[in-house]
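Shown next: entry.cif, containing mmCIF, C-alpha atoms.
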data_entry
loop_
_atom_site.group_PDB
_atom_site.id
_atom_site.type_symbol
_atom_site.label_atom_id
_atom_site.label_comp_id
_atom_site.auth_asym_id
_atom_site.auth_seq_id
_atom_site.Cartn_x
_atom_site.Cartn_y
_atom_site.Cartn_z
ATOM 1 C CA MET H 300 -15.456 -14.851 -17.651
ATOM 2 C CA LYS H 301 -16.146 -12.747 -14.581
ATOM 3 C CA LYS H 302 -14.198 -9.541 -14.045
ATOM 4 C CA THR H 303 -12.003 -8.097 -11.322
ATOM 5 C CA ILE H 304 -12.739 -4.599 -10.082
ATOM 6 C CA LEU H 305 -10.316 -2.280 -8.326
ATOM 7 C CA PHE H 306 -11.278 0.576 -6.018
ATOM 8 C CA GLY H 307 -8.669 3.331 -5.784
ATOM 9 C CA GLY H 308 -7.225 3.391 -9.283
ATOM 10 C CA SER H 309 -6.305 7.058 -9.018
ATOM 11 C CA GLY H 310 -4.135 6.532 -5.940
ATOM 12 C CA PHE H 311 -0.583 5.339 -5.398
ATOM 13 C CA LEU H 312 -0.547 1.556 -5.948
ATOM 14 C CA GLY H 313 -3.815 1.305 -7.887
ATOM 15 C CA PRO H 314 -2.559 2.694 -11.221
ATOM 16 C CA VAL H 315 0.383 0.275 -11.186
ATOM 17 C CA VAL H 316 -1.921 -2.712 -10.659
ATOM 18 C CA LEU H 317 -4.249 -1.520 -13.429
ATOM 19 C CA LYS H 318 -1.421 -1.130 -15.938
ATOM 20 C CA LYS H 319 -0.283 -4.688 -15.281
ATOM 21 C CA ASN H 320 -3.744 -6.040 -16.120
ATOM 22 C CA PRO H 321 -5.825 -3.938 -18.568
ATOM 23 C CA GLU H 322 -8.817 -6.265 -18.013
ATOM 24 C CA ILE H 323 -9.347 -5.038 -14.450
ATOM 25 C CA ILE H 324 -12.156 -2.487 -14.166
ATOM 26 C CA SER H 325 -11.314 0.685 -12.276
ATOM 27 C CA VAL H 326 -13.980 1.992 -9.900
ATOM 28 C CA GLY H 327 -13.614 5.324 -8.146
ATOM 29 C CA ARG H 328 -14.544 8.960 -7.742
ATOM 30 C CA ASN H 329 -11.477 9.985 -9.732
ATOM 31 C CA LYS H 330 -10.150 8.567 -12.979
ATOM 32 C CA PRO H 331 -6.797 6.753 -13.096
ATOM 33 C CA PRO H 332 -3.859 8.474 -14.858
ATOM 34 C CA ARG H 333 -4.367 9.241 -18.550
ATOM 35 C CA ASP H 334 -2.006 6.507 -19.720
ATOM 36 C CA THR H 335 -4.188 3.863 -18.032
ATOM 37 C CA ILE H 336 -6.337 2.073 -20.616
ATOM 38 C CA ASN H 337 -8.583 0.123 -18.218
ATOM 39 C CA ASN H 338 -12.313 0.757 -18.292
ATOM 40 C CA HIS H 339 -13.303 3.131 -15.509
ATOM 41 C CA ILE H 340 -16.595 3.570 -13.691
ATOM 42 C CA ASN H 341 -17.197 6.741 -11.715
ATOM 43 C CA PHE H 342 -19.164 6.643 -8.497
ATOM 44 C CA LYS H 343 -20.082 9.336 -6.008
ATOM 45 C CA SER H 344 -20.213 7.487 -2.710
ATOM 46 C CA LEU H 345 -19.781 4.078 -1.098
ATOM 47 C CA ASP H 346 -23.147 4.709 0.533
ATOM 48 C CA ASN H 347 -24.860 3.719 -2.712
ATOM 49 C CA LEU H 348 -23.271 0.787 -4.529
ATOM 50 C CA LYS H 349 -26.240 -0.260 -6.645
ATOM 51 C CA PHE H 350 -24.292 0.722 -9.757
ATOM 52 C CA LEU H 351 -22.250 -2.454 -9.201
ATOM 53 C CA ASP H 352 -25.329 -4.651 -9.650
ATOM 54 C CA ASP H 353 -24.914 -4.684 -13.426
ATOM 55 C CA ILE H 354 -21.201 -5.566 -13.380
ATOM 56 C CA ASP H 355 -20.321 -9.259 -13.648
ATOM 57 C CA PHE H 356 -17.361 -9.502 -11.249
ATOM 58 C CA ASP H 357 -16.207 -11.921 -8.573
ATOM 59 C CA LYS H 358 -12.884 -10.454 -7.412
ATOM 60 C CA VAL H 359 -12.172 -7.123 -5.753
ATOM 61 C CA ILE H 360 -8.974 -5.216 -4.963
ATOM 62 C CA PHE H 361 -9.765 -2.504 -2.420
ATOM 63 C CA LEU H 362 -7.239 0.322 -2.179
ATOM 64 C CA ILE H 363 -9.400 3.017 -0.606
ATOM 65 C CA GLY H 364 -7.889 4.328 2.618
ATOM 66 C CA SER H 365 -5.222 6.594 4.067
ATOM 67 C CA SER H 366 -1.665 5.901 5.218
ATOM 68 C CA ASN H 367 -1.049 9.460 6.365
ATOM 69 C CA HIS H 368 0.083 8.555 9.879
ATOM 70 C CA HIS H 369 0.783 12.040 11.155
ATOM 71 C CA VAL H 370 -2.538 13.539 10.108
ATOM 72 C CA ILE H 371 -4.594 10.545 11.265
ATOM 73 C CA ASN H 372 -2.889 10.601 14.652
ATOM 74 C CA ASN H 373 -3.872 14.246 15.087
ATOM 75 C CA THR H 374 -7.409 14.091 13.701
ATOM 76 C CA VAL H 375 -10.052 12.514 15.933
ATOM 77 C CA THR H 376 -12.065 10.438 13.459
ATOM 78 C CA MET H 377 -9.899 10.389 10.308
ATOM 79 C CA GLY H 378 -8.721 6.815 10.858
ATOM 80 C CA LEU H 379 -12.299 5.616 11.112
ATOM 81 C CA ASP H 380 -13.540 7.776 8.249
ATOM 82 C CA PHE H 381 -10.831 6.742 5.793
ATOM 83 C CA ASN H 382 -9.829 3.225 6.837
ATOM 84 C CA VAL H 383 -12.720 1.586 8.682
ATOM 85 C CA TYR H 384 -16.074 2.853 7.431
ATOM 86 C CA PRO H 385 -15.241 2.360 3.715
ATOM 87 C CA LEU H 386 -14.456 -1.310 4.375
ATOM 88 C CA LYS H 387 -17.684 -1.811 6.287
ATOM 89 C CA LYS H 388 -19.673 -0.298 3.430
ATOM 90 C CA ILE H 389 -18.092 -2.283 0.605
ATOM 91 C CA LEU H 390 -18.120 -5.595 2.502
ATOM 92 C CA THR H 391 -21.753 -5.150 3.484
ATOM 93 C CA TYR H 392 -22.568 -4.903 -0.222
ATOM 94 C CA LEU H 393 -20.215 -7.727 -1.292
ATOM 95 C CA SER H 394 -21.623 -10.072 1.348
ATOM 96 C CA LYS H 395 -24.764 -10.229 -0.794
ATOM 97 C CA ARG H 396 -22.824 -11.159 -3.922
ATOM 98 C CA LYS H 397 -20.936 -14.322 -4.825
ATOM 99 C CA ILE H 398 -17.346 -13.152 -4.427
ATOM 100 C CA LYS H 399 -14.314 -15.395 -4.905
ATOM 101 C CA LYS H 400 -11.707 -13.040 -3.495
ATOM 102 C CA PHE H 401 -11.446 -9.675 -1.773
ATOM 103 C CA ILE H 402 -8.030 -8.118 -1.143
ATOM 104 C CA CYS H 403 -7.410 -5.133 1.126
ATOM 105 C CA PHE H 404 -4.384 -3.611 2.818
ATOM 106 C CA THR H 405 -3.234 -2.839 6.345
ATOM 107 C CA THR H 406 0.263 -2.413 7.793
ATOM 108 C CA VAL H 407 3.176 -4.356 9.268
ATOM 109 C CA LEU H 408 3.271 -1.669 11.976
ATOM 110 C CA LEU H 409 0.575 -3.740 13.703
ATOM 111 C CA TYR H 410 3.232 -6.148 14.972
ATOM 112 C CA ASP H 411 4.259 -5.547 18.580
ATOM 113 C CA GLN H 412 7.462 -3.548 18.299
ATOM 114 C CA LYS H 413 8.653 -4.606 21.757
ATOM 115 C CA LYS H 414 8.200 -8.321 21.146
ATOM 116 C CA MET H 415 8.898 -8.784 17.434
ATOM 117 C CA THR H 416 11.624 -11.060 16.133
ATOM 118 C CA LEU H 417 13.058 -10.184 12.734
ATOM 119 C CA PRO H 418 12.083 -11.001 10.098
ATOM 120 C CA VAL H 419 8.570 -10.486 11.416
ATOM 121 C CA SER H 420 6.097 -13.204 10.357
ATOM 122 C CA GLU H 421 2.314 -13.345 10.234
ATOM 123 C CA VAL H 422 2.104 -15.432 13.425
ATOM 124 C CA GLN H 423 3.865 -12.901 15.621
ATOM 125 C CA GLU H 424 1.965 -10.948 18.252
ATOM 126 C CA ILE H 425 0.391 -7.610 17.373
ATOM 127 C CA ASN H 426 -0.166 -4.451 19.400
ATOM 128 C CA PRO H 427 -2.919 -2.334 17.812
ATOM 129 C CA TYR H 428 -3.019 0.272 20.577
ATOM 130 C CA VAL H 429 0.063 2.333 19.697
ATOM 131 C CA ASN H 430 -1.701 5.208 17.935
ATOM 132 C CA ASP H 431 -4.826 6.118 15.982
ATOM 133 C CA TYR H 432 -3.360 5.058 12.631
ATOM 134 C CA ILE H 433 -2.376 1.558 13.741
ATOM 135 C CA PHE H 434 -5.641 1.155 15.652
ATOM 136 C CA SER H 435 -7.638 2.075 12.522
ATOM 137 C CA LYS H 436 -5.816 -0.651 10.600
ATOM 138 C CA TYR H 437 -6.570 -3.149 13.361
ATOM 139 C CA LEU H 438 -10.266 -2.247 13.235
ATOM 140 C CA SER H 439 -10.109 -2.654 9.454
ATOM 141 C CA GLU H 440 -8.840 -6.200 9.878
ATOM 142 C CA GLU H 441 -11.609 -6.951 12.368
ATOM 143 C CA ILE H 442 -14.223 -5.728 9.886
ATOM 144 C CA VAL H 443 -12.796 -8.073 7.248
ATOM 145 C CA LYS H 444 -12.829 -10.994 9.709
ATOM 146 C CA TYR H 445 -16.443 -10.238 10.607
ATOM 147 C CA PHE H 446 -17.445 -10.762 6.955
ATOM 148 C CA SER H 447 -15.023 -13.641 6.301
ATOM 149 C CA SER H 448 -17.728 -16.336 6.154
ATOM 150 C CA LYS H 449 -19.429 -14.507 3.293
ATOM 151 C CA VAL H 450 -16.528 -12.761 1.549
ATOM 152 C CA PRO H 451 -13.300 -14.801 1.132
ATOM 153 C CA SER H 452 -10.600 -12.247 1.849
ATOM 154 C CA ILE H 453 -6.873 -11.636 1.984
ATOM 155 C CA ILE H 454 -5.532 -8.934 4.265
ATOM 156 C CA VAL H 455 -2.174 -7.734 2.984
ATOM 157 C CA ARG H 456 0.015 -6.304 5.730
ATOM 158 C CA LEU H 457 2.175 -3.977 3.703
ATOM 159 C CA SER H 458 5.666 -2.759 4.551
ATOM 160 C CA ASN H 459 7.140 0.591 3.410
ATOM 161 C CA ILE H 460 6.058 1.007 -0.195
ATOM 162 C CA TYR H 461 7.643 3.378 -2.697
ATOM 163 C CA GLY H 462 7.500 4.235 -6.369
ATOM 164 C CA TYR H 463 6.782 6.904 -8.937
ATOM 165 C CA THR H 464 3.695 9.063 -8.543
ATOM 166 C CA LYS H 465 2.349 12.511 -9.341
ATOM 167 C CA LEU H 466 0.562 12.569 -6.000
ATOM 168 C CA ILE H 467 1.929 14.297 -2.918
ATOM 169 C CA ARG H 468 2.407 11.346 -0.597
ATOM 170 C CA PRO H 469 3.183 10.973 3.130
ATOM 171 C CA ASP H 470 5.539 8.044 2.473
ATOM 172 C CA LEU H 471 9.289 8.577 2.912
ATOM 173 C CA ILE H 472 10.666 7.896 -0.574
ATOM 174 C CA PRO H 473 7.894 9.590 -2.608
ATOM 175 C CA THR H 474 8.273 12.605 -0.302
ATOM 176 C CA ILE H 475 12.035 12.699 -0.833
ATOM 177 C CA MET H 476 11.589 12.424 -4.602
ATOM 178 C CA TYR H 477 8.982 15.181 -4.672
ATOM 179 C CA ASN H 478 11.246 17.450 -2.642
ATOM 180 C CA ILE H 479 14.227 16.702 -4.897
ATOM 181 C CA PHE H 480 12.322 18.120 -7.858
ATOM 182 C CA THR H 481 10.570 21.012 -6.127
ATOM 183 C CA LYS H 482 12.855 22.318 -3.368
ATOM 184 C CA LYS H 483 16.367 23.699 -3.072
ATOM 185 C CA GLU H 484 16.922 22.327 0.424
ATOM 186 C CA ILE H 485 15.866 18.747 1.169
ATOM 187 C CA LYS H 486 15.525 17.624 4.785
ATOM 188 C CA ILE H 487 14.371 14.380 6.406
ATOM 189 C CA TRP H 488 13.667 13.666 10.049
ATOM 190 C CA ASN H 489 16.211 10.904 10.574
ATOM 191 C CA ASP H 490 18.372 8.694 8.348
ATOM 192 C CA LYS H 491 19.131 6.005 10.937
ATOM 193 C CA PRO H 492 16.014 3.753 10.779
ATOM 194 C CA LYS H 493 16.289 0.537 8.804
ATOM 195 C CA ARG H 494 13.112 -0.649 7.136
ATOM 196 C CA ASP H 495 11.753 -3.056 4.522
ATOM 197 C CA PHE H 496 11.060 -1.084 1.336
ATOM 198 C CA ILE H 497 9.049 -2.595 -1.526
ATOM 199 C CA PHE H 498 8.726 -1.119 -5.018
ATOM 200 C CA THR H 499 5.159 -0.552 -6.256
ATOM 201 C CA GLU H 500 5.669 -2.699 -9.368
ATOM 202 C CA ASP H 501 6.770 -5.643 -7.231
ATOM 203 C CA ALA H 502 3.849 -5.130 -4.843
ATOM 204 C CA ALA H 503 1.410 -5.036 -7.771
ATOM 205 C CA ASP H 504 2.782 -8.314 -9.150
ATOM 206 C CA ALA H 505 2.320 -9.984 -5.769
ATOM 207 C CA VAL H 506 -1.246 -8.705 -5.391
ATOM 208 C CA LEU H 507 -2.264 -10.015 -8.811
ATOM 209 C CA ARG H 508 -0.836 -13.436 -7.987
ATOM 210 C CA LEU H 509 -2.541 -13.528 -4.589
ATOM 211 C CA LEU H 510 -5.819 -12.767 -6.342
ATOM 212 C CA GLU H 511 -5.589 -16.159 -8.091
ATOM 213 C CA THR H 512 -4.924 -18.220 -4.967
ATOM 214 C CA ASP H 513 -7.401 -20.058 -2.743
ATOM 215 C CA TYR H 514 -5.781 -18.572 0.357
ATOM 216 C CA THR H 515 -7.710 -16.462 2.831
ATOM 217 C CA GLY H 516 -6.260 -14.664 5.826
ATOM 218 C CA ILE H 517 -3.321 -12.398 6.552
ATOM 219 C CA VAL H 518 -0.163 -12.212 4.463
ATOM 220 C CA ASN H 519 2.888 -9.982 4.786
ATOM 221 C CA LEU H 520 4.134 -8.118 1.744
ATOM 222 C CA GLY H 521 7.571 -6.533 1.612
ATOM 223 C CA SER H 522 10.900 -7.071 -0.079
ATOM 224 C CA GLY H 523 12.282 -9.269 2.706
ATOM 225 C CA VAL H 524 15.367 -7.020 2.756
ATOM 226 C CA MET H 525 16.183 -4.332 5.328
ATOM 227 C CA ASN H 526 17.777 -1.093 4.124
ATOM 228 C CA SER H 527 18.658 2.039 6.035
ATOM 229 C CA VAL H 528 17.205 5.440 5.263
ATOM 230 C CA ASN H 529 20.827 6.597 4.993
ATOM 231 C CA LYS H 530 21.369 4.180 2.105
ATOM 232 C CA ILE H 531 18.283 5.558 0.373
ATOM 233 C CA THR H 532 19.352 9.180 0.757
ATOM 234 C CA THR H 533 22.855 8.334 -0.475
ATOM 235 C CA LEU H 534 21.453 6.661 -3.598
ATOM 236 C CA VAL H 535 19.066 9.546 -4.293
ATOM 237 C CA GLU H 536 21.913 12.039 -3.794
ATOM 238 C CA GLN H 537 23.919 10.139 -6.402
ATOM 239 C CA LEU H 538 20.993 10.170 -8.834
ATOM 240 C CA SER H 539 20.098 13.813 -8.358
ATOM 241 C CA GLY H 540 23.314 15.541 -7.373
ATOM 242 C CA LYS H 541 21.472 17.178 -4.460
ATOM 243 C CA LYS H 542 22.288 16.949 -0.771
ATOM 244 C CA ILE H 543 19.733 15.482 1.648
ATOM 245 C CA ILE H 544 20.049 16.646 5.250
ATOM 246 C CA SER H 545 19.082 14.448 8.206
ATOM 247 C CA GLU H 546 17.763 16.478 11.131
ATOM 248 C CA ASN H 547 18.139 13.524 13.516
ATOM 249 C CA LYS H 548 14.678 14.020 14.996
ATOM 250 C CA PRO H 549 12.988 11.212 16.950
ATOM 251 C CA VAL H 550 10.919 8.909 14.744
ATOM 252 C CA SER H 551 7.955 6.685 15.486
ATOM 253 C CA GLY H 552 7.971 2.989 14.755
ATOM 254 C CA PRO H 553 10.776 0.468 15.191
ATOM 255 C CA MET H 554 14.337 1.471 14.337
ATOM 256 C CA GLU H 555 14.720 -1.851 12.508
ATOM 257 C CA LEU H 556 12.057 -3.791 10.629
ATOM 258 C CA LYS H 557 12.276 -6.608 8.105
ATOM 259 C CA VAL H 558 9.334 -8.646 6.880
ATOM 260 C CA ASN H 559 9.206 -12.407 6.523
ATOM 261 C CA ILE H 560 7.789 -12.962 3.029
ATOM 262 C CA SER H 561 8.022 -16.756 2.950
ATOM 263 C CA LEU H 562 4.213 -17.149 2.985
ATOM 264 C CA VAL H 563 3.542 -14.974 -0.071
ATOM 265 C CA LYS H 564 6.383 -16.747 -1.874
ATOM 266 C CA LYS H 565 4.935 -20.145 -1.003
ATOM 267 C CA LEU H 566 1.426 -19.172 -2.060
ATOM 268 C CA THR H 567 2.326 -17.535 -5.368
ATOM 269 C CA GLY H 568 5.913 -18.257 -6.380
ATOM 270 C CA TRP H 569 6.429 -14.495 -6.400
ATOM 271 C CA LYS H 570 9.613 -12.735 -5.431
ATOM 272 C CA PRO H 571 10.656 -9.080 -5.800
ATOM 273 C CA ALA H 572 12.056 -8.306 -9.241
ATOM 274 C CA HIS H 573 13.730 -5.024 -8.279
ATOM 275 C CA SER H 574 16.569 -4.291 -5.892
ATOM 276 C CA LEU H 575 16.390 -1.043 -3.939
ATOM 277 C CA GLU H 576 18.880 0.501 -6.350
ATOM 278 C CA GLU H 577 16.828 -0.543 -9.385
ATOM 279 C CA GLY H 578 13.547 0.639 -7.883
ATOM 280 C CA LEU H 579 14.947 4.010 -6.860
ATOM 281 C CA THR H 580 16.600 4.528 -10.241
ATOM 282 C CA LYS H 581 13.332 3.833 -12.069
ATOM 283 C CA THR H 582 11.355 5.996 -9.646
ATOM 284 C CA TYR H 583 13.759 8.891 -10.107
ATOM 285 C CA ALA H 584 13.828 8.613 -13.909
ATOM 286 C CA ILE H 585 10.047 8.561 -14.254
ATOM 287 C CA MET H 586 9.407 11.339 -11.744
ATOM 288 C CA LYS H 587 12.089 13.465 -13.359
ATOM 289 C CA GLY H 588 9.901 13.375 -16.474
ATOM 290 C CA TYR H 589 6.935 14.662 -14.472
ATOM 291 C CA TYR H 590 8.850 17.767 -13.460
ATOM 292 C CA LYS H 591 10.767 18.214 -16.739
ATOM 293 C CA ILE H 592 14.109 18.540 -14.992
#
Rendering of file as structure tokens:
Amino acid sequence: MKKTILFGGSGFLGPVVLKKNPEIISVGRNKPPRDTINNHINFKSLDNLKFLDDIDFDKVIFLIGSSNHHVINNTVTMGLDFNVYPLKKILTYLSKRKIKKFICFTTVLLYDQKKMTLPVSEVQEINPYVNDYIFSKYLSEEIVKYFSSKVPSIIVRLSNIYGYTKLIRPDLIPTIMYNIFTKKEIKIWNDKPKRDFIFTEDAADAVLRLLETDYTGIVNLGSGVMNSVNKITTLVEQLSGKKIISENKPVSGPMELKVNISLVKKLTGWKPAHSLEEGLTKTYAIMKGYYKI
């Protein structure tokens, strides 16, 4: 039986996917967390992928990239370097192999914020020219489409993802959690936006199910539920006993966003297993162990 390989097992979502399926082979420059039992193969660069020649695989989950909006939008080539070129390199190699499925990730922020109707579906119009981050994700999708005749692919447009991690992340909830355990005063830019937040364990379940489908193309992945940042901070305050201050600064992106997840449900039978309260409670409990609070 051919294997599945996963690039990015030391990142945010990768370790969760690996733990759900110990048969997946991790490939990356850094090893996954110590409690991950999957086989791991180290590599130095995507410029030389010959080491994959001896691995009998036909499915690939590609989680190499950056979602650090603020840094990408202020660094001339970071979006290309982290989100576009890696895809071009891996797909060039995979186009010479017999691959059944390739899964990679972009963002629901591609949808045109001025024209979107909630919940936003895959057929709605996009606007990739908002900033460098969103444009890099658009170029990533175009790279995948370019290779689509040779590498059957699914592009997952991901909503706001959260969960436990030891990494310092740019995402809202992991940042709040990190600050809860490391700082006396916790501040956020604004608690008014309402977004679609999906727990990493739920996202991992959906990805593994998509891997087994015959579908190719774009699919949204979120919880299908819109929650305010204020609700999140209130729940975290209750868990931690610490106050979170909103500075009411202007924020980028839509003030309200909810994802239509009917396609992923239809394709896989998947649905989120965790409410926001359940996901936050688990995230807090696990990360509390990291910091020995």
Name the residues captured by the PyMOL selection byres ((chain H and resi 393) around 10) when it is applied to the shown file; answer as number ranges by chain. H: 348, 351, 357-359, 387-392, 394-398, 401, 446, 449-450
Give me, as a PyMOL selection string, all polymer residues having an atom no more than 9 Å from H:Thr512, counting all atoms listed in the file and skipping those fewer than 3 positions away in the same chain. chain H and resi 400+508-509+515+566-567
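Take atom CA of H:Leu438 and atom CA of H:Met554: the distance between them is 24.9 Å.
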Just give me the gap between atom CA of H:Ile442 and atom CA of H:Tyr428 in Å, one decimal is fine. 16.6 Å
With all atoms listed in the file counted and 12 Å as the cut-off, give the residues of stretch 384-435 of chain H in contact with stretch 480-496 of chain H, each with its shortest interatomic distance in Å and the pair that gives it, as a Markdown table.
| residue | atom | partner | partner_atom | distance |
| --- | --- | --- | --- | --- |
| H:Thr406 | CA | H:Asp495 | CA | 12.0 |
| H:Val407 | CA | H:Asp495 | CA | 9.9 |
| H:Leu408 | CA | H:Arg494 | CA | 11.0 |
| H:Leu417 | CA | H:Asp495 | CA | 11.0 |
| H:Pro418 | CA | H:Asp495 | CA | 9.7 |
| H:Val419 | CA | H:Asp495 | CA | 10.6 |
Do you know which residues the PyMOL selection byres ((chain H and resi 301-304) around 8) returns on this file, as a list in words?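 Applying the expression gives Met300, Leu305, Phe306, Glu322, Ile323, Ile324, Ser325, Val326, Asp355, Phe356, Asp357, Lys358, Val359 and Ile360 of chain H.
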Of the candidates H:Ile531, H:Leu510, H:Val455, H:Val383, which one gets nearest to H:Glu421 if we count all atoms listed in the file?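 Nearest to H:Glu421: H:Val455.
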Taking (-6.4, 0.9, -5.0) in the coordinates of the supplied file, I want to know which residues reach to within 9 Å of it, counting all atoms listed in the file; could you give the answer as a ChimeraX atom specification? /H:305-314,316,325,360-364,403
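Compared by their closest atoms to H:Leu520, and using only C-alpha atoms, the residues H:Tyr583, H:Tyr477, H:Trp569, H:Tyr445 rank with H:Trp569 nearest.
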Can you list what the PyMOL selection byres ((chain H and resi 558) around 7) grabs from this structure, as a JSON list (two decimals) with C-alpha atoms, in the frame of the given file?
[["chain", "number", "residue", "atom", "x", "y", "z"],
["H", 418, "PRO", "CA", 12.08, -11.00, 10.10],
["H", 419, "VAL", "CA", 8.57, -10.49, 11.42],
["H", 420, "SER", "CA", 6.10, -13.20, 10.36],
["H", 495, "ASP", "CA", 11.75, -3.06, 4.52],
["H", 519, "ASN", "CA", 2.89, -9.98, 4.79],
["H", 521, "GLY", "CA", 7.57, -6.53, 1.61],
["H", 523, "GLY", "CA", 12.28, -9.27, 2.71],
["H", 556, "LEU", "CA", 12.06, -3.79, 10.63],
["H", 557, "LYS", "CA", 12.28, -6.61, 8.10],
["H", 559, "ASN", "CA", 9.21, -12.41, 6.52],
["H", 560, "ILE", "CA", 7.79, -12.96, 3.03]]
Give me, as a ChimeraX atom specification, all polymer residues having an atom no more than 10 Å from H:Glu424, counting all atoms listed in the file and skipping those fewer than 2 positions away in the same chain. /H:409-416,419-422,426-427
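Atom CA of H:Glu577 is positioned 22.8 Å from atom CA of H:Ile544.
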Of the residues H:Pro385, H:Ile371, H:Ser366, H:Ser527, which is the one nearest to H:Asn347, using only C-alpha atoms?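 Looking only at the distances to H:Asn347, the closest residue turns out to be H:Pro385.
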Quick one: of H:Thr499, H:Ser452, H:Asn430, H:Asn337, who's nearest to H:Leu579, counting all atoms listed in the file?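 Comparing H:Thr499, H:Ser452, H:Asn430, H:Asn337 against H:Leu579, the winner is H:Thr499.
Shortest separation to H:Ser448 among H:Lys541, H:Lys399, H:Thr474, H:Ile467 occurs at residue H:Lys399, atoms counted being all atoms listed in the file.
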